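What follows is a single structure, written as structure tokens, with notes after it.
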Amino acid sequence: MLSLRYIAPALFAAAACLSPMSATARPEWNHGAQTENGQGPDGAGWGHIDAEEDAAARGHLFPYAECSLGSHQSPIAINLTQHPVAVNPGPKLEPPQADHNLPVEALAHPLQFRIHYDRSDSSREGLEVEADLHNHFVFENNGHGIQIAFSKGYRGRLSIGHDTYHLLQFHFHTPSEHLFLTGHSQNPHTVHYDGEIHFVNQSDDGRLAVVAVLLDGHAANSHSEFDRLIDRLSHFHSLEETGATAFCTEADCSGIRLNPMKLIPHAHAVYTYQGSLTTPPCSENVNWYVLDKPLPVSDRAIHALNHMFPYSNRFTQKVDGLGAAEPRQVHAFPYHPAVQHVRR
Ligand SMILES: [Zn+2]
């Protein structure tokens, strides 16, 4: 799930713990219909979902068509077979997939890549947080997962070269969406992590840069910031109906301090490629930055996440399906955690 914040304004409804907002004009979708091999690149069939009548009248007959027709869909399996990496015994190892993505290549000129996420305090503002000039975040349930959405006044940002991207929100998937194809070329295997966090950043001119952090749920020690956050999310998870967007506006939701930098692992490299949103409408305007090392978290926290929204991962988008997908080139560049972790 990687949805833009506040896709459409919605009517305010009853003040429940999570105040339900009306569904947008977009038709319903879910992760459930995916098959590994049956339906080409868009295994969930999102591209074939017909619009509702009012949307059709505006010409959006198949509003998610890009999910099926796009040539740069996400997620993908990142091909590390020419530079095999050691993997902890924790993640699930699966047979190699026939994704045929090109082996990762080093970027000729490494990017200046800096994560500057600030501390923030939760508020109960709901939709209004978007215009809030203070440093706040809210818990938002969009029917496909819970995301942490930041106010306009939040200063957390991502710097890539001379470009600045503001952190809009982050959210979770279980298990991970991106996979790694690694091991010796004679005997490769696929590494599938237990979960994935997407930090969604946007530039002033609308470009999206998403930082993907894999989650390894076999940590020897639990991760206190992550566990604390997941415990909170579990409290707020009262909606399972899909299509609705809701914000936690209860008193319980205010005054929670969060430091997203603590959710950034001590990675050594970043894998980058051009891809798409991993949820409808699957728009191909996303530059992905996948960190090479996972965040070690507790098995309990992974179970809690998966209990809230089971199997919320889009399958990797294959290049040998019915669509026009092409083998993907992923580039790697070094990451310098010592610089990243000064803001604590
Ligand atoms: Zn996502």
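Convention: chains lettered A, B, ... in structure tokens order; per-chain residue numbering from 1; ligands numbered from 1 as shown.
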Neighbours of ligand 1 within 10 Å, counting only C-alpha atoms and all ligand atoms, as a list in words?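 Those within range of ligand 1 are Met1, Leu2, Ser3, Leu4, Ser74, Pro75, His144, Gly145, Gln147, Phe170, His171, Phe172, His173, Ser176, Glu177, Glu196, Ile197, His198, Phe199, Val200, Val210, Val211, Ala212, Leu277, Thr278, Thr279, Ser312, Asn313 and Arg314 of chain A.
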Check the DSSP output for the backbone and give back, as an NGL selection string, the residues of region 221-275 of chain A in strand (DSSP E). :A and (245-248 or 257-258 or 269-275)
Residue subset to file, keeping C-alpha atoms, as a short mmCIF file (atom, residue, chain, number, x, y, z; two decimals), in the first residue's frame:
data_model
loop_
_atom_site.label_atom_id
_atom_site.label_comp_id
_atom_site.auth_asym_id
_atom_site.auth_seq_id
_atom_site.Cartn_x
_atom_site.Cartn_y
_atom_site.Cartn_z
CA THR A 245 -10.38 6.65 5.61
CA ALA A 246 -10.43 7.41 9.30
CA PHE A 247 -8.36 9.37 11.76
CA CYS A 248 -7.87 8.70 15.42
CA ARG A 257 6.23 11.45 20.81
CA LEU A 258 7.70 9.75 17.75
CA ALA A 269 23.91 0.90 0.66
CA VAL A 270 20.79 2.13 -1.08
CA TYR A 271 19.20 0.42 -4.09
CA THR A 272 17.35 2.82 -6.36
CA TYR A 273 15.08 2.35 -9.37
CA GLN A 274 12.11 3.97 -11.10
CA GLY A 275 8.80 2.38 -10.23
#
Sorted by chain and rising residue number, list the residues of region 165-223 of chain A at most 10 Å from region 299-309 of chain A (counting only C-alpha atoms), each with its closest atom pair and distance in Å to one decimal, as JSON lines.
{"residue": "A:Phe172", "atom": "CA", "partner": "A:Leu305", "partner_atom": "CA", "distance": 8.0}
{"residue": "A:His173", "atom": "CA", "partner": "A:Asn306", "partner_atom": "CA", "distance": 8.1}
{"residue": "A:Thr174", "atom": "CA", "partner": "A:Asn306", "partner_atom": "CA", "distance": 5.8}
{"residue": "A:Pro175", "atom": "CA", "partner": "A:Asn306", "partner_atom": "CA", "distance": 7.8}
{"residue": "A:Asp194", "atom": "CA", "partner": "A:Ile302", "partner_atom": "CA", "distance": 7.0}
{"residue": "A:Gly195", "atom": "CA", "partner": "A:Ile302", "partner_atom": "CA", "distance": 7.2}
{"residue": "A:Leu215", "atom": "CA", "partner": "A:Ile302", "partner_atom": "CA", "distance": 8.4}
{"residue": "A:Asp216", "atom": "CA", "partner": "A:Asp299", "partner_atom": "CA", "distance": 8.3}
{"residue": "A:Gly217", "atom": "CA", "partner": "A:Asp299", "partner_atom": "CA", "distance": 4.6}
{"residue": "A:His218", "atom": "CA", "partner": "A:Asp299", "partner_atom": "CA", "distance": 5.8}
{"residue": "A:Ala219", "atom": "CA", "partner": "A:Asp299", "partner_atom": "CA", "distance": 7.5}
{"residue": "A:Ala220", "atom": "CA", "partner": "A:Asp299", "partner_atom": "CA", "distance": 9.7}
{"residue": "A:Ser222", "atom": "CA", "partner": "A:Asp299", "partner_atom": "CA", "distance": 8.4}
{"residue": "A:His223", "atom": "CA", "partner": "A:Ala301", "partner_atom": "CA", "distance": 9.1}
Would you write out those residues with N, CA and C atoms, as a PDB file, in the first residue's frame?
ATOM      1  N   PHE A 172       3.034   0.592   6.721  1.00  0.00           N
ATOM      2  CA  PHE A 172       3.648  -0.739   6.819  1.00  0.00           C
ATOM      3  C   PHE A 172       3.009  -1.731   5.837  1.00  0.00           C
ATOM      4  N   HIS A 173       3.787  -2.729   5.483  1.00  0.00           N
ATOM      5  CA  HIS A 173       3.274  -3.883   4.748  1.00  0.00           C
ATOM      6  C   HIS A 173       3.818  -5.138   5.432  1.00  0.00           C
ATOM      7  N   THR A 174       3.002  -6.193   5.513  1.00  0.00           N
ATOM      8  CA  THR A 174       3.491  -7.503   5.950  1.00  0.00           C
ATOM      9  C   THR A 174       2.962  -8.558   4.985  1.00  0.00           C
ATOM     10  N   PRO A 175       3.827  -9.480   4.517  1.00  0.00           N
ATOM     11  CA  PRO A 175       5.297  -9.427   4.607  1.00  0.00           C
ATOM     12  C   PRO A 175       5.844  -8.333   3.692  1.00  0.00           C
ATOM     13  N   ASP A 194      10.024 -10.038   6.643  1.00  0.00           N
ATOM     14  CA  ASP A 194       8.747 -10.159   7.353  1.00  0.00           C
ATOM     15  C   ASP A 194       7.844  -8.945   7.165  1.00  0.00           C
ATOM     16  N   GLY A 195       8.427  -7.822   6.825  1.00  0.00           N
ATOM     17  CA  GLY A 195       7.615  -6.619   6.657  1.00  0.00           C
ATOM     18  C   GLY A 195       8.431  -5.526   6.002  1.00  0.00           C
ATOM     19  N   LEU A 215      11.824  -5.157   7.230  1.00  0.00           N
ATOM     20  CA  LEU A 215      11.700  -5.516   8.640  1.00  0.00           C
ATOM     21  C   LEU A 215      12.067  -6.984   8.822  1.00  0.00           C
ATOM     22  N   ASP A 216      13.017  -7.239   9.710  1.00  0.00           N
ATOM     23  CA  ASP A 216      13.408  -8.610  10.063  1.00  0.00           C
ATOM     24  C   ASP A 216      12.884  -8.905  11.462  1.00  0.00           C
ATOM     25  N   GLY A 217      11.865  -9.727  11.518  1.00  0.00           N
ATOM     26  CA  GLY A 217      11.192  -9.990  12.794  1.00  0.00           C
ATOM     27  C   GLY A 217      11.835 -11.082  13.622  1.00  0.00           C
ATOM     28  N   HIS A 218      13.146 -11.229  13.550  1.00  0.00           N
ATOM     29  CA  HIS A 218      13.832 -12.260  14.319  1.00  0.00           C
ATOM     30  C   HIS A 218      14.934 -11.645  15.165  1.00  0.00           C
ATOM     31  N   ALA A 219      14.695 -10.432  15.634  1.00  0.00           N
ATOM     32  CA  ALA A 219      15.733  -9.740  16.384  1.00  0.00           C
ATOM     33  C   ALA A 219      15.951 -10.391  17.748  1.00  0.00           C
ATOM     34  N   ALA A 220      17.211 -10.388  18.162  1.00  0.00           N
ATOM     35  CA  ALA A 220      17.526 -10.902  19.492  1.00  0.00           C
ATOM     36  C   ALA A 220      16.922  -9.980  20.549  1.00  0.00           C
ATOM     37  N   SER A 222      14.228  -6.699  21.224  1.00  0.00           N
ATOM     38  CA  SER A 222      13.132  -5.974  20.584  1.00  0.00           C
ATOM     39  C   SER A 222      13.554  -4.527  20.350  1.00  0.00           C
ATOM     40  N   HIS A 223      12.837  -3.883  19.447  1.00  0.00           N
ATOM     41  CA  HIS A 223      13.134  -2.508  19.068  1.00  0.00           C
ATOM     42  C   HIS A 223      12.116  -1.624  19.791  1.00  0.00           C
TER      43      HIS A 223
END
Based on DSSP run over this structure's backbone, return all residues of region 229-293 of chain A in alpha helix (DSSP H), as a PyMOL selection string. chain A and resi 229-236
Those selected residues, please, written with N, CA and C atoms and delivered as an mmCIF file, in the first residue's frame.
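File produced: out.cif:
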data_model
loop_
_atom_site.group_PDB
_atom_site.id
_atom_site.type_symbol
_atom_site.label_atom_id
_atom_site.label_comp_id
_atom_site.auth_asym_id
_atom_site.auth_seq_id
_atom_site.Cartn_x
_atom_site.Cartn_y
_atom_site.Cartn_z
ATOM 1 N N LEU A 229 5.288 1.925 18.987
ATOM 2 C CA LEU A 229 4.408 2.409 17.920
ATOM 3 C C LEU A 229 3.365 1.359 17.560
ATOM 4 N N ILE A 230 3.803 0.104 17.420
ATOM 5 C CA ILE A 230 2.864 -0.955 17.030
ATOM 6 C C ILE A 230 1.831 -1.179 18.124
ATOM 7 N N ASP A 231 2.252 -1.069 19.386
ATOM 8 C CA ASP A 231 1.288 -1.197 20.478
ATOM 9 C C ASP A 231 0.197 -0.139 20.344
ATOM 10 N N ARG A 232 0.592 1.066 20.004
ATOM 11 C CA ARG A 232 -0.375 2.150 19.813
ATOM 12 C C ARG A 232 -1.301 1.842 18.648
ATOM 13 N N LEU A 233 -0.726 1.406 17.551
ATOM 14 C CA LEU A 233 -1.533 1.115 16.365
ATOM 15 C C LEU A 233 -2.579 0.057 16.683
ATOM 16 N N SER A 234 -2.184 -0.936 17.485
ATOM 17 C CA SER A 234 -3.121 -2.010 17.823
ATOM 18 C C SER A 234 -4.330 -1.452 18.553
ATOM 19 N N HIS A 235 -4.090 -0.452 19.404
ATOM 20 C CA HIS A 235 -5.203 0.174 20.122
ATOM 21 C C HIS A 235 -6.172 0.845 19.157
ATOM 22 N N PHE A 236 -5.614 1.444 18.109
ATOM 23 C CA PHE A 236 -6.447 2.250 17.218
ATOM 24 C C PHE A 236 -7.080 1.442 16.108
#
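CA of His166 (chain A) is positioned 26.9 Å from CA of Ala77 (chain A).
Proximity of A:Leu291, A:Leu181, A:Ser120, A:Ile256 to His100 (chain A), computed with only C-alpha atoms, is greatest for A:Leu181.
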List as an MDAnalysis selection string the protein and nucleic acid residues near Gly161 (chain A), meaning an atom at most 8 Å away when only C-alpha atoms are counted, but skip any in the same chain fewer than 6 places from it. chainID A and resid 111:113
Nearest to Leu80 (chain A) among A:Ala33, A:Ala108, A:Ala332, A:Leu167, with distances taken over only C-alpha atoms: which residue is it? A:Ala332
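The residue that comes closest to Pro280 (chain A), out of A:Ala44, A:Ile49, A:Cys67, A:Ile160 and on the basis of only C-alpha atoms, is A:Cys67.
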